[in-house]
Amino acid sequence: MFFVPLRGYSLGLAIGACVVLGVLLLFLLTQVPHRYRKPIIIGVTFLFGWFYFLEFMIPGDRATAPVRGILRSAEHKLRLAQTDLEAITVIKGQLTVQYVEGGRTVKRLIPKDELKNLELDKGEVKVVHEDKDRPRLGEHDGVRRVMRAREIMAAAVADLRRAKSEIERLRPQVQRQLDQESKKAEAEAKRYKLTKEMLARDEQGNILNQRTKALRKRIDDLKDAAQKKIDPTIATIESARSELGNLSTADVESIRSVAAAKVEDVSLARSTLSDNFLTPYKETASNINAVIGSFAIGLGVFGLMSLHGKTIRRRRRGWINSLAFYVALFAMALVGFLQKYLQQKSGGQILSDALYSGILFNGAYISLQATMFSLVAFYIVSAAYRAFRVKSREAVLMMGAALLVMLGLVPIGQWMTSGITHVGWLGSFRLERVQDWIMTVPNMAAQRGMAFGIGVGGLAMALRIWLSLERGAYFDKQL
């Protein structure tokens, strides 16, 4: 059944009534007894938490299940190929070049990636001899891994082509369902005598409601998975396979990064096709969540106004700061409304833009924010000094890692190890490479462990609230 929209004076009256009801509801929420607060919070968070949990966990519809299974197989194969490529490190070959400098012919041995820079500096440069790239592993083992990676990538491409054909088969079926739902929506519009102004329509003139939006999203997801995810992945993997055909000229590191990126694309394509019967209601749940958040913000503003109002009324110490809060609150709100709703390019619009951008936001708010962060910097320096004091082995380890990372990021640190060659195992001791290893291997492992712990802690806190086990300054005030 349609919600019939209002127009004219009835729309204005409805907006005014909603504002009055909202303020009244905010006032009633502030008067809720403490013993009822926890059940309300538990109920709301429990319902929304279970909705999003079930929407994520319930498998998608049966129609797209074969496509998701094929994409999962292709994703697994690409990960296997990536694993084989990670075991191969290609040592770059070198070039023997010849050029004229100062009237005499010079021959030099340089890495391949320095040829362009040398041509820019020295003019015409001739390549006399080229050493081929070679795998760091044994020649037989490197070739074996490359050939296996090529075979696995070919199988992944075959899976992707099957997934695309399945998607092309599904799209007409979903389009027929959309046409049927559009006809039902037109019939309901005629039954309730709804005008064109009362209905939301797409560019083809079809009515947009919850059912038609869900079907249109499914069609768009199928199209996006096929054209923006699967097709580019097939082309990229085929190109990477052809480059792997000759190990001596293959850039294995770049191909490995390409395979990793395409694994993410295939995983994203599979996730876009995982809609279930709860997915169409995510927009409604988000809208309800936004309304609840708005009421929470309203309660916070109401509480601040009440607190500062009592301070001003009783002339307590610091009441000038409370008065500044009221002035800032009403000034920003008034200018924001004027900027939003005044006619474009009018005198009032220009004045409100100048007040908001030049004085209130950029002039006052940004300056205050910069002042706050500048004060925080002193606390950070003080904390760093206490943390880096060498009193234990852990402090020595942290200080050494921080020193290496800082040196690897600044030019003077890179200059210190500029004499070490880029080629071979000695290149791993250049400071920029040491810094990159610290940030991408041990630091990333620690960050992932912390993120996992934070997630488990958040889940535990949610369970404590839902099971009425949490105690604190807010909940301990129950009557």
# chains A, B, ... in the order shown; residues from 1 in each chain; ligands from 1

$ select_by_dssp --residues "stretch 97-312 of chain A" --states "helix (DSSP H, G or I)" --output "PyMOL selection string"
chain A and resi 112-122+139-191+196-198+210-243+247-249+252-272+279-312

$ residues_around --residues "stretch 69-86 of chain A" --least-positions-apart "2" --cutoff "8 Å" --atoms "only C-alpha atoms" --output "ChimeraX atom specification"
/A:65-67,88-89,145-146,148-150,152-153,155-157,159-160,162-163,252-253,256,259-260,263,266-267,269-270

$ residues_around --residues "stretch 279-289 of chain A" --least-positions-apart "5" --cutoff "12 Å" --atoms "only C-alpha atoms" --output "compact mmCIF listing (two decimals) with C-alpha atoms, in the first residue's frame"
# COMPACT_ATOMS: atom_id res chain seq x y z
CA VAL A 44 17.16 -1.27 20.08
CA THR A 45 20.78 -2.44 19.80
CA LEU A 47 17.20 -5.73 17.09
CA PHE A 48 19.50 -3.74 14.83
CA GLY A 49 22.47 -5.95 15.64
CA TRP A 50 20.60 -9.12 14.77
CA PHE A 51 19.20 -7.59 11.58
CA TYR A 52 22.63 -6.69 10.19
CA PHE A 53 24.14 -9.97 11.45
CA LEU A 54 21.48 -12.08 9.75
CA GLU A 55 21.62 -10.00 6.57
CA PHE A 56 25.34 -10.69 6.40
CA MET A 57 25.21 -14.38 7.35
CA ILE A 58 22.16 -15.66 5.43
CA PRO A 59 23.21 -16.95 1.99
CA GLY A 60 21.97 -15.22 -1.13
CA ASP A 61 19.07 -16.37 -3.27
CA ASN A 209 8.89 1.17 -4.80
CA GLN A 210 10.63 -1.27 -2.49
CA ARG A 211 10.09 -4.29 -4.75
CA THR A 212 11.07 -2.59 -8.02
CA LYS A 213 14.11 -0.96 -6.39
CA ALA A 214 15.34 -4.36 -5.18
CA LEU A 215 14.94 -5.90 -8.64
CA ARG A 216 16.61 -2.94 -10.34
CA LYS A 217 19.50 -3.24 -7.89
CA ARG A 218 19.82 -6.93 -8.72
CA THR A 272 27.60 -7.99 -4.79
CA LEU A 273 25.60 -11.05 -5.84
CA SER A 274 24.95 -12.22 -2.26
CA SER A 294 19.16 12.29 15.05
CA PHE A 295 17.21 11.88 18.28
CA ALA A 296 20.45 10.95 20.06

$ closest_residue --among "A:Leu115, A:Leu11, A:Leu21, A:Phe330" --to "A:Val301" --atoms "only C-alpha atoms"
A:Phe330

$ residues_around --residues "A:Gly303" --least-positions-apart "4" --cutoff "12 Å" --atoms "only C-alpha atoms" --output "VMD selection string"
chain A and resid 26 to 27 29 to 31 296 to 299 307 to 310

$ write_last_selection --atoms "C-alpha atoms" --output "mmCIF file, in the first residue's frame"
data_model
loop_
_atom_site.group_PDB
_atom_site.id
_atom_site.type_symbol
_atom_site.label_atom_id
_atom_site.label_comp_id
_atom_site.auth_asym_id
_atom_site.auth_seq_id
_atom_site.Cartn_x
_atom_site.Cartn_y
_atom_site.Cartn_z
ATOM 1 C CA LEU A 26 12.823 14.519 22.866
ATOM 2 C CA PHE A 27 11.416 16.026 26.046
ATOM 3 C CA LEU A 29 12.935 10.824 26.361
ATOM 4 C CA THR A 30 14.703 13.050 28.872
ATOM 5 C CA GLN A 31 12.030 12.168 31.426
ATOM 6 C CA ALA A 296 20.445 10.953 20.060
ATOM 7 C CA ILE A 297 22.059 14.158 18.761
ATOM 8 C CA GLY A 298 18.958 16.075 19.802
ATOM 9 C CA LEU A 299 19.168 14.623 23.297
ATOM 10 C CA LEU A 307 23.447 22.340 31.649
ATOM 11 C CA HIS A 308 24.778 25.646 30.297
ATOM 12 C CA GLY A 309 21.404 27.318 30.860
ATOM 13 C CA LYS A 310 21.567 26.510 34.585
#

$ residues_around --residues "A:Leu222" --least-positions-apart "4" --cutoff "7 Å" --atoms "only C-alpha atoms" --output "PyMOL selection string"
chain A and resi 167+171+218+226

$ write_last_selection --atoms "N, CA and C atoms" --output "mmCIF file, in the first residue's frame"
data_model
loop_
_atom_site.group_PDB
_atom_site.id
_atom_site.type_symbol
_atom_site.label_atom_id
_atom_site.label_comp_id
_atom_site.auth_asym_id
_atom_site.auth_seq_id
_atom_site.Cartn_x
_atom_site.Cartn_y
_atom_site.Cartn_z
ATOM 1 N N ILE A 167 25.614 -15.298 -15.634
ATOM 2 C CA ILE A 167 25.029 -13.975 -15.377
ATOM 3 C C ILE A 167 24.188 -13.517 -16.561
ATOM 4 N N ARG A 171 20.066 -12.454 -16.267
ATOM 5 C CA ARG A 171 19.585 -11.072 -16.424
ATOM 6 C C ARG A 171 18.206 -10.979 -17.069
ATOM 7 N N ARG A 218 19.287 -5.631 -8.330
ATOM 8 C CA ARG A 218 19.823 -6.931 -8.722
ATOM 9 C C ARG A 218 20.304 -6.908 -10.169
ATOM 10 N N ALA A 226 29.464 -8.427 -14.218
ATOM 11 C CA ALA A 226 29.917 -8.951 -15.512
ATOM 12 C C ALA A 226 30.835 -7.978 -16.238
#
